[in-house]
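Engineer: Got a file for you: upload01.tsv, TSV, C-alpha atoms.
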```
chain	number	residue	atom	x	y	z
A	80	MET	CA	135.88	154.78	91.26
A	81	THR	CA	138.84	152.51	91.70
A	82	ARG	CA	138.84	148.91	90.59
A	83	ARG	CA	138.70	147.76	94.24
A	84	GLU	CA	135.66	149.99	94.96
A	85	PHE	CA	133.92	148.74	91.82
A	86	ILE	CA	134.38	145.08	92.81
A	87	GLN	CA	133.09	145.82	96.33
A	88	PHE	CA	130.04	147.56	94.89
A	89	VAL	CA	129.27	144.63	92.58
A	90	LEU	CA	129.64	142.09	95.40
A	91	LYS	CA	127.44	144.08	97.81
A	92	THR	CA	124.75	144.61	95.21
A	93	ALA	CA	124.77	140.95	94.18
A	94	SER	CA	124.55	139.70	97.75
A	95	ALA	CA	121.76	142.18	98.56
A	96	ILE	CA	119.79	140.96	95.55
A	97	ALA	CA	120.40	137.30	96.48
A	98	VAL	CA	119.29	137.80	100.10
A	99	GLY	CA	116.23	139.80	98.98
A	100	ALA	CA	115.25	137.14	96.46
A	101	TYR	CA	115.65	134.40	99.09
A	102	VAL	CA	113.50	136.24	101.64
A	103	ILE	CA	110.79	137.00	99.10
A	104	SER	CA	110.78	133.41	97.79
A	105	LYS	CA	110.40	132.07	101.35
A	106	LYS	CA	107.49	134.41	101.96
A	107	VAL	CA	105.59	133.65	98.79
A	108	SER	CA	106.13	129.88	98.68
A	109	PRO	CA	103.79	127.85	100.91
A	110	ARG	CA	105.38	126.30	103.96
A	111	LYS	CA	105.69	122.55	103.68
A	112	PHE	CA	104.84	121.90	107.29
A	113	ILE	CA	102.91	123.86	109.80
A	114	ARG	CA	102.08	122.45	113.17
A	115	ALA	CA	98.71	123.48	114.52
A	116	VAL	CA	98.77	124.53	118.14
A	117	ARG	CA	96.28	123.29	120.69
A	118	ASN	CA	93.24	125.46	121.17
A	119	LYS	CA	92.16	125.62	124.80
A	120	LYS	CA	88.45	125.97	124.13
A	121	TYR	CA	86.33	123.32	122.43
A	122	PRO	CA	83.75	124.82	120.09
A	123	GLY	CA	81.17	122.11	120.88
A	124	SER	CA	79.77	121.12	124.25
A	125	ILE	CA	81.69	119.31	126.97
A	126	LYS	CA	80.34	116.20	128.66
A	127	GLN	CA	81.53	114.28	131.68
A	128	LEU	CA	83.65	111.20	131.13
A	129	SER	CA	81.26	108.26	131.46
A	130	ASN	CA	81.90	104.54	131.85
A	131	ILE	CA	84.72	103.64	129.47
A	132	ASN	CA	84.53	99.95	130.31
A	133	THR	CA	81.99	99.29	127.59
A	134	GLN	CA	82.81	98.40	124.01
A	135	GLY	CA	82.51	101.28	121.58
A	136	LYS	CA	79.44	101.21	119.36
A	137	TRP	CA	81.50	102.52	116.48
A	138	ASN	CA	83.21	100.39	113.90
A	139	GLY	CA	86.95	99.95	114.38
B	70	MET	CA	89.27	120.55	112.96
B	71	ARG	CA	91.84	123.27	112.45
B	72	ILE	CA	91.16	126.96	112.25
B	73	ASN	CA	93.25	130.00	111.52
B	74	ILE	CA	92.98	132.50	114.36
B	75	ASP	CA	94.95	135.68	113.79
B	76	GLY	CA	97.40	133.88	111.53
B	77	VAL	CA	97.94	130.97	113.93
B	78	LEU	CA	96.72	127.54	112.92
B	79	ARG	CA	94.90	125.93	115.84
B	80	THR	CA	93.55	122.44	116.30
B	81	VAL	CA	90.29	122.52	118.19
B	82	VAL	CA	89.96	118.76	118.79
B	83	HIS	CA	93.28	118.25	120.61
B	84	SER	CA	92.46	116.71	124.03
B	85	TYR	CA	88.75	116.50	123.23
B	86	PRO	CA	87.78	112.95	122.23
B	87	CYS	CA	84.13	112.38	121.41
B	88	SER	CA	84.41	108.66	122.06
B	89	LEU	CA	86.46	106.71	124.58
B	90	HIS	CA	86.00	103.00	125.21
B	91	ILE	CA	87.89	99.88	126.13
B	92	ASP	CA	87.70	97.39	123.27
B	93	PRO	CA	89.29	94.04	122.59
B	94	VAL	CA	92.15	94.54	120.13
B	95	GLU	CA	90.40	92.07	117.82
B	96	LYS	CA	87.66	94.64	117.24
B	97	LYS	CA	90.00	97.00	115.35
B	98	PRO	CA	90.62	94.34	113.85
B	99	PHE	CA	94.14	93.31	114.82
B	100	PHE	CA	94.59	89.54	114.72
B	101	HIS	CA	98.39	89.42	114.94
B	102	PHE	CA	98.97	92.00	117.65
B	103	LEU	CA	98.79	90.99	121.32
B	104	PRO	CA	95.69	88.78	120.92
B	105	GLY	CA	93.15	88.91	123.69
B	106	THR	CA	94.34	92.23	125.10
B	107	ARG	CA	92.34	95.33	125.90
B	108	THR	CA	92.92	98.61	124.14
B	109	LEU	CA	91.76	102.05	125.21
B	110	SER	CA	90.15	103.35	122.03
B	111	LEU	CA	89.55	106.97	121.26
B	112	ALA	CA	88.46	109.30	118.52
B	113	THR	CA	87.72	112.91	118.00
B	114	VAL	CA	85.12	114.05	115.52
B	115	GLY	CA	86.07	114.55	111.88
B	116	CYS	CA	87.80	112.72	109.09
B	117	ASN	CA	89.98	113.69	106.14
B	118	LEU	CA	88.00	111.36	103.90
B	119	HIS	CA	84.31	111.52	103.09
B	120	CYS	CA	83.42	107.94	102.26
B	121	LYS	CA	79.86	107.50	101.09
B	122	ASN	CA	79.75	104.16	102.89
B	123	CYS	CA	81.19	105.34	106.21
B	124	GLN	CA	79.94	103.22	109.09
B	125	ASN	CA	80.85	105.88	111.65
B	126	TRP	CA	79.58	108.86	109.70
B	127	GLU	CA	77.78	110.34	112.71
B	128	ILE	CA	81.12	111.23	114.26
B	129	SER	CA	83.45	111.16	111.25
B	130	GLN	CA	81.44	113.69	109.27
B	131	ALA	CA	80.47	115.87	112.25
B	132	ASN	CA	81.81	119.32	113.02
B	133	PRO	CA	83.26	120.05	116.47
B	134	GLU	CA	80.75	122.83	117.10
B	135	ASP	CA	77.88	120.37	116.69
B	136	SER	CA	79.38	117.66	118.87
B	137	GLN	CA	79.94	116.68	122.49
B	138	ALA	CA	83.39	115.77	123.77
B	139	PHE	CA	85.30	114.98	126.97
B	140	PHE	CA	88.30	116.89	128.14
B	141	CYS	CA	91.04	114.29	128.13
B	142	PRO	CA	94.60	115.50	127.59
B	143	PRO	CA	97.37	113.03	126.67
B	144	GLU	CA	98.50	112.54	130.29
B	145	ARG	CA	94.97	111.54	131.31
B	146	LEU	CA	94.66	109.07	128.43
B	147	VAL	CA	97.88	107.30	129.35
B	148	GLU	CA	96.83	107.20	132.98
B	149	LEU	CA	93.42	105.72	132.04
B	150	ALA	CA	95.10	103.08	129.91
B	151	ARG	CA	97.40	102.04	132.73
B	152	THR	CA	94.78	102.02	135.47
B	153	ASN	CA	92.40	99.96	133.32
B	154	GLN	CA	95.02	97.35	132.35
B	155	CYS	CA	95.00	98.31	128.69
B	156	THR	CA	98.22	97.33	126.96
B	157	SER	CA	97.63	99.79	124.18
B	158	LEU	CA	95.98	103.00	123.10
B	159	ALA	CA	94.03	102.74	119.85
B	160	TYR	CA	93.52	105.85	117.75
B	161	THR	CA	90.48	104.71	115.85
B	162	TYR	CA	86.75	105.11	114.97
B	163	THR	CA	87.33	108.21	112.82
B	164	ASP	CA	90.92	108.70	111.63
B	165	PRO	CA	93.99	109.59	113.72
B	166	VAL	CA	95.26	111.63	110.78
B	167	ILE	CA	92.52	114.22	111.35
B	168	TYR	CA	93.58	114.61	114.99
B	169	TYR	CA	97.25	114.20	114.15
B	170	GLU	CA	98.63	116.58	116.77
B	171	TYR	CA	96.68	114.86	119.55
B	172	THR	CA	97.79	111.44	118.30
B	173	LEU	CA	101.42	112.49	118.11
B	174	ASP	CA	101.54	114.07	121.56
B	175	THR	CA	99.73	111.14	123.17
B	176	SER	CA	101.85	108.55	121.35
B	177	LYS	CA	105.07	110.15	122.57
B	178	LEU	CA	103.85	110.09	126.13
B	179	ALA	CA	102.45	106.55	125.92
B	180	LYS	CA	105.74	105.27	124.57
B	181	THR	CA	107.56	106.50	127.66
B	182	ALA	CA	104.90	104.88	129.89
B	183	ASP	CA	105.19	101.46	128.19
B	184	VAL	CA	101.73	101.69	126.65
B	185	ARG	CA	101.66	100.63	122.99
B	186	ASN	CA	100.19	102.80	120.26
B	187	ILE	CA	98.00	101.39	117.53
B	188	LEU	CA	96.49	103.28	114.63
B	189	VAL	CA	93.33	102.44	112.72
B	190	THR	CA	93.49	104.63	109.67
B	191	ALA	CA	92.82	105.09	105.99
B	192	GLY	CA	96.48	106.05	105.56
B	193	TYR	CA	95.65	109.19	103.60
B	194	ILE	CA	98.55	111.37	104.68
B	195	ASN	CA	101.78	112.82	103.34
B	196	GLN	CA	104.94	110.84	103.85
B	197	GLU	CA	106.86	113.25	106.10
B	198	PRO	CA	104.26	113.59	108.89
B	199	TRP	CA	103.48	109.89	108.58
B	200	LYS	CA	107.12	108.97	109.07
B	201	LYS	CA	107.33	111.27	112.07
B	202	LEU	CA	104.30	109.63	113.68
B	203	LEU	CA	105.43	106.08	112.91
B	204	GLN	CA	108.43	106.50	115.22
B	205	TYR	CA	106.03	106.14	118.14
B	206	VAL	CA	103.60	103.62	116.65
B	207	ASP	CA	103.65	99.89	117.37
B	208	ALA	CA	100.98	98.75	114.94
B	209	ALA	CA	98.82	100.14	112.16
B	210	ARG	CA	95.70	98.76	110.57
B	211	ILE	CA	95.29	100.54	107.28
B	212	ASP	CA	92.29	100.48	104.96
B	213	LEU	CA	93.00	99.70	101.36
B	214	LYS	CA	89.54	100.53	100.13
B	215	SER	CA	90.22	99.62	96.54
B	216	ILE	CA	93.14	99.38	94.15
B	217	SER	CA	91.41	101.89	91.87
B	218	ASP	CA	92.10	105.61	92.00
B	219	ASP	CA	88.65	106.25	90.52
B	220	PHE	CA	87.08	104.45	93.47
B	221	TYR	CA	88.90	106.71	95.93
B	222	ARG	CA	87.96	109.84	93.99
B	223	GLU	CA	84.30	108.94	93.51
B	224	ASN	CA	83.50	107.36	96.86
B	225	CYS	CA	85.95	108.81	99.36
B	226	SER	CA	86.95	112.28	98.07
B	227	ALA	CA	90.53	111.07	98.16
B	228	THR	CA	93.19	109.51	95.93
B	229	LEU	CA	94.90	106.16	95.92
B	230	LYS	CA	98.61	106.94	95.71
B	231	PRO	CA	99.13	108.48	99.18
B	232	VAL	CA	97.46	105.42	100.69
B	233	LEU	CA	99.73	103.01	98.82
B	234	ASP	CA	102.76	105.08	99.83
B	235	SER	CA	101.67	105.00	103.49
B	236	LEU	CA	101.26	101.23	103.38
B	237	VAL	CA	104.73	100.72	101.96
B	238	LEU	CA	106.32	103.19	104.37
B	239	THR	CA	104.63	101.57	107.37
B	240	LYS	CA	105.94	98.15	106.46
B	241	SER	CA	109.41	99.43	105.61
B	242	CYS	CA	109.63	101.24	108.97
B	243	GLY	CA	109.11	97.93	110.75
B	244	VAL	CA	105.74	98.87	112.22
B	245	HIS	CA	103.35	95.93	112.53
B	246	LEU	CA	100.83	96.23	109.70
B	247	GLU	CA	97.46	94.68	108.96
B	248	VAL	CA	95.42	95.61	105.90
B	249	ILE	CA	91.65	95.69	105.58
B	250	ASN	CA	89.47	95.87	102.49
B	251	LEU	CA	85.76	96.55	102.75
B	252	VAL	CA	84.13	94.60	99.94
B	253	ILE	CA	81.24	96.65	98.51
B	254	PRO	CA	78.82	95.01	96.07
B	255	THR	CA	79.15	96.34	92.49
B	256	LEU	CA	81.97	98.75	93.40
B	257	ASN	CA	85.01	96.65	94.29
B	258	ASP	CA	83.79	93.06	94.53
B	259	LYS	CA	84.79	91.69	91.12
B	260	PRO	CA	87.24	88.77	91.27
B	261	GLU	CA	89.67	90.65	89.00
B	262	GLN	CA	89.55	93.76	91.25
B	263	ILE	CA	90.22	91.65	94.32
B	264	GLY	CA	92.95	89.76	92.49
B	265	GLU	CA	94.67	93.01	91.55
B	266	LEU	CA	94.51	94.28	95.13
B	267	VAL	CA	95.86	91.03	96.52
B	268	ARG	CA	98.75	90.95	94.03
B	269	TRP	CA	99.66	94.52	94.96
B	270	VAL	CA	99.69	93.61	98.67
B	271	LYS	CA	101.85	90.57	98.04
B	272	ALA	CA	104.31	92.42	95.79
B	273	ASN	CA	104.65	95.53	97.95
B	274	LEU	CA	103.94	94.47	101.53
B	275	GLY	CA	104.85	90.80	101.45
B	276	ASN	CA	102.70	87.71	101.66
B	277	ASP	CA	102.94	87.64	105.46
B	278	THR	CA	100.89	90.84	105.88
B	279	PRO	CA	97.51	89.90	107.39
B	280	LEU	CA	94.68	90.82	105.03
B	281	HIS	CA	91.09	91.25	106.25
B	282	PHE	CA	88.07	91.30	103.95
B	283	SER	CA	85.19	92.98	105.64
B	284	GLN	CA	81.47	92.86	104.96
B	285	PHE	CA	79.84	96.05	103.75
B	286	TYR	CA	76.58	97.04	105.39
B	287	PRO	CA	74.34	99.74	103.85
B	288	GLN	CA	75.12	103.01	105.62
B	289	TYR	CA	75.16	106.76	105.18
B	290	LYS	CA	75.03	107.58	101.45
B	291	MET	CA	75.16	104.00	100.26
B	292	ARG	CA	71.94	102.63	101.62
B	293	HIS	CA	70.85	101.54	98.14
B	294	LEU	CA	73.42	98.72	97.95
B	295	PRO	CA	72.91	95.30	99.54
B	296	PRO	CA	75.23	93.89	102.22
B	297	THR	CA	78.15	91.86	100.89
B	298	SER	CA	77.24	88.21	100.60
B	299	ALA	CA	79.11	85.48	102.44
B	300	GLN	CA	79.91	83.90	99.05
B	301	THR	CA	81.64	87.06	97.83
B	302	LEU	CA	83.74	87.28	100.98
B	303	ASP	CA	84.65	83.61	100.64
B	304	MET	CA	85.65	84.23	97.03
B	305	ALA	CA	87.87	87.13	98.14
B	306	ARG	CA	89.49	84.96	100.80
B	307	ARG	CA	90.09	82.09	98.38
B	308	THR	CA	91.55	84.50	95.81
B	309	ALA	CA	94.00	85.90	98.37
B	310	ILE	CA	95.02	82.45	99.57
B	311	SER	CA	95.51	81.19	96.02
B	312	GLU	CA	97.72	84.21	95.29
B	313	GLY	CA	99.89	83.25	98.25
B	314	ILE	CA	98.77	85.59	101.06
B	315	GLN	CA	99.40	83.64	104.26
B	316	TYR	CA	96.90	85.16	106.67
B	317	VAL	CA	93.48	86.05	105.26
B	318	TYR	CA	90.45	86.89	107.39
B	319	ILE	CA	86.81	87.71	106.95
B	320	GLY	CA	85.16	90.28	109.18
B	321	ASN	CA	81.75	91.74	110.11
B	322	ILE	CA	80.15	88.35	109.38
B	323	ALA	CA	80.15	84.97	111.08
B	324	SER	CA	82.81	82.83	109.45
B	325	ARG	CA	84.43	79.93	111.20
B	326	GLN	CA	87.56	79.57	109.08
B	327	GLY	CA	87.77	83.25	108.21
B	328	GLN	CA	88.27	84.22	111.86
B	329	ASN	CA	91.01	81.78	112.76
B	330	THR	CA	94.76	81.90	112.24
B	331	TYR	CA	96.33	78.86	110.61
B	332	CYS	CA	100.00	78.05	110.24
B	333	PRO	CA	101.13	78.75	106.67
B	334	GLY	CA	103.58	75.86	106.98
B	335	CYS	CA	101.68	72.90	108.40
B	336	LYS	CA	98.15	74.42	108.08
B	337	LYS	CA	97.31	73.59	111.71
B	338	LEU	CA	95.01	75.84	113.73
B	339	LEU	CA	97.00	78.37	115.76
B	340	ILE	CA	94.51	80.92	117.10
B	341	GLU	CA	90.81	80.16	117.34
B	342	ARG	CA	88.43	83.09	117.60
B	343	SER	CA	84.74	83.62	117.99
B	344	GLY	CA	83.74	87.19	117.30
B	345	TYR	CA	86.21	89.31	119.24
B	346	THR	CA	87.00	86.54	121.70
B	347	VAL	CA	90.13	84.43	121.52
B	348	LEU	CA	89.07	80.86	122.34
B	349	GLN	CA	92.55	79.38	122.17
B	350	ASN	CA	96.02	80.59	121.29
B	351	ARG	CA	98.50	77.79	120.60
B	352	LEU	CA	101.42	80.00	119.61
B	353	LYS	CA	104.69	79.40	121.44
B	354	GLU	CA	106.99	82.42	121.43
B	355	GLY	CA	105.34	83.61	118.22
B	356	CYS	CA	105.93	80.28	116.46
B	357	CYS	CA	103.77	77.33	115.43
B	358	PRO	CA	104.01	74.69	118.20
B	359	ASP	CA	103.80	71.89	115.60
B	360	CYS	CA	106.26	72.84	112.86
B	361	GLY	CA	108.08	75.77	114.48
B	362	GLN	CA	107.29	78.28	111.73
B	363	LYS	CA	107.60	81.89	112.83
B	364	ILE	CA	104.27	83.72	112.57
B	365	TYR	CA	104.26	87.40	111.59
B	366	GLY	CA	103.03	89.58	114.43
B	367	VAL	CA	103.63	91.13	117.83
B	368	TRP	CA	102.90	88.47	120.41
B	369	LYS	CA	104.30	89.87	123.66
```
Give the structure from this file in structure tokens form.

Structural biologist:
Amino acid sequence: MTRREFIQFVLKTASAIAVGAYVISKKVSPRKFIRAVRNKKYPGSIKQLSNINTQGKWNG
Amino acid sequence: MRINIDGVLRTVVHSYPCSLHIDPVEKKPFFHFLPGTRTLSLATVGCNLHCKNCQNWEISQANPEDSQAFFCPPERLVELARTNQCTSLAYTYTDPVIYYEYTLDTSKLAKTADVRNILVTAGYINQEPWKKLLQYVDAARIDLKSISDDFYRENCSATLKPVLDSLVLTKSCGVHLEVINLVIPTLNDKPEQIGELVRWVKANLGNDTPLHFSQFYPQYKMRHLPPTSAQTLDMARRTAISEGIQYVYIGNIASRQGQNTYCPGCKKLLIERSGYTVLQNRLKEGCCPDCGQKIYGVWK
């Protein structure tokens, strides 16, 4: 192995290890943000929109 | 409110409010934000806190599968607000943080349609999503339930620091802010506890931030405690005023002075209220008509 080939081997190996470590760390660390997508179906029951021109009975 | 289906996180309450009403903005309560206007108020079921004293526990502690809801996507909400002459949409009753995605999508749309967005929340949220939402928000009324972390842990299944951070971020982002404190007998009604809370508000949010003290009424898992007395609420108001807070109100109880807005400069009456009704509003361009002092708020 020439000196040039040895340096190329070291660089390739190091970069492969770095990329692998990065990918693995991204997979194992929890994502900081995840946006939930809208579910089309409501698990409860659906009612018709009634008169909204009344004050809410709830606080706030 | 969110479920993992095949590795995809889904929100099941998006577009499904369980409650939708037109309220006066004073009911939220907002006393320094477009007084006398109507706000289309909505909530989905659920809450990220579990307060033992919750006054809306029937919807805040409910599961979607046990509840009834309307189908009302963001476009429909904005349309309803406009056709019913509501100047704002209020995300309220439970907590807009629990239906964050719905709040965010609706807020974006409302902003483009010239409908204001107001949040009624406990402010228990991380800073990054809060900052993202605040871009579209015109006003926030945030609960500061106590200045004690133990109180939050024992009574709300939450912690204090995220709430304090949300309050500071809201004010620093230039969003109109009003703070409310529910005074609960034996838990957070000591003069020193109220004094500490008031001093924190003054030091971190400024003395112009409106502060509401609200009467506790026995509810949910705190039916063993009595309602807050008028004397205790008066004491809280006096404490806040003596510490230099300019606008202090009392809610959930009849109080003549505790419902009105007075000029911090000349002490003259500016806005007179009775319940949720504005009897007179003497403000001129957001200023006191007598001494010209600018009054904190959104007035047009």

Engineer: Near Arg71 in chain B, within 9 Å and counting all atoms listed in the file, which residues show up once chain neighbours fewer than 4 positions away are dropped, as a PDB file with C-alpha atoms, in the frame of the given file?

Structural biologist:
```pdb
ATOM      1  CA  ALA A 115      98.710 123.480 114.520  1.00  0.00           C
TER       2      ALA A 115
ATOM      3  CA  LEU B  78      96.720 127.540 112.920  1.00  0.00           C
ATOM      4  CA  ARG B  79      94.900 125.930 115.840  1.00  0.00           C
ATOM      5  CA  THR B  80      93.550 122.440 116.300  1.00  0.00           C
ATOM      6  CA  VAL B  81      90.290 122.520 118.190  1.00  0.00           C
ATOM      7  CA  VAL B  82      89.960 118.760 118.790  1.00  0.00           C
TER       8      VAL B  82
END
```

Engineer: So what do you get for CA of Val116 in chain A versus CA of Gly115 in chain B, distance-wise?

Structural biologist: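 It comes out at 17.3 Å.
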
Engineer: Please, which residues in chain A fall within 7 Å of chain B when counting all atoms listed in the file, and what is the closest atom pair and distance in Å to one decimal for each, ordered by chain then residue number, as CSV?

Structural biologist:
```
residue,atom,partner,partner_atom,distance
A:Ala115,CA,B:Arg79,CA,4.7
A:Val116,CA,B:Arg79,CA,4.7
A:Arg117,CA,B:Thr80,CA,5.2
A:Asn118,CA,B:Val81,CA,5.1
A:Tyr121,CA,B:Val81,CA,5.9
A:Pro122,CA,B:Glu134,CA,4.7
A:Gly123,CA,B:Glu134,CA,3.9
A:Ser124,CA,B:Gln137,CA,4.8
A:Ile125,CA,B:Ala138,CA,5.1
A:Lys126,CA,B:Phe139,CA,5.4
A:Gln127,CA,B:Phe139,CA,6.1
A:Leu128,CA,B:Phe139,CA,5.9
A:Ile131,CA,B:His90,CA,4.5
A:Asn132,CA,B:Ile91,CA,5.4
A:Thr133,CA,B:His90,CA,6.0
A:Gln134,CA,B:Asp92,CA,5.0
A:Gly135,CA,B:His90,CA,5.3
A:Trp137,CA,B:Asn125,CA,5.9
A:Asn138,CA,B:Tyr162,CA,6.0
A:Gly139,CA,B:Lys97,CA,4.4
```

Engineer: Return the single residue from B:Gln130, B:Asn276, B:Gln362, B:Thr181 that is closest to Asn117 in chain B, with distances computed using all atoms listed in the file.

Structural biologist: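 Looking only at the distances to Asn117 in chain B, the closest residue turns out to be B:Gln130.
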
Engineer: I'd like the box whose edges run along x, y and z of the file and which contains every listed atom of range 83-99 of chain A, padded by 4 Å per side; could you state its centre and edge lengths in Å, one decimal, as lines of an AutoDock Vina configuration file?

Structural biologist:
```
center_x = 127.5
center_y = 143.6
center_z = 96.0
size_x = 30.5
size_y = 20.7
size_z = 16.3
```

Engineer: List every residue of range 277-297 of chain B that has an atom at most 12 Å from any atom of range 215-237 of chain B, giving for each one its closest atom pair and the distance in Å to one decimal, counting only C-alpha atoms, sorted by chain and then by ascending residue number, as a Markdown table.

Structural biologist:
```
| residue | atom | partner | partner_atom | distance |
| --- | --- | --- | --- | --- |
| B:Thr278 | CA | B:Leu236 | CA | 10.7 |
| B:Phe282 | CA | B:Ser215 | CA | 11.3 |
| B:Tyr289 | CA | B:Asn224 | CA | 11.8 |
| B:Lys290 | CA | B:Asn224 | CA | 9.6 |
| B:Met291 | CA | B:Asn224 | CA | 9.6 |
```

Engineer: Work out how far CA of Pro165 in chain B is from CA of Asn329 in chain B, in Å to one decimal.

Structural biologist: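 A separation of 28.0 Å between them.
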
Engineer: Find the distance between CA of Leu178 in chain B and CA of Leu202 in chain B and write it in Å to one decimal.

Structural biologist: 12.5 Å
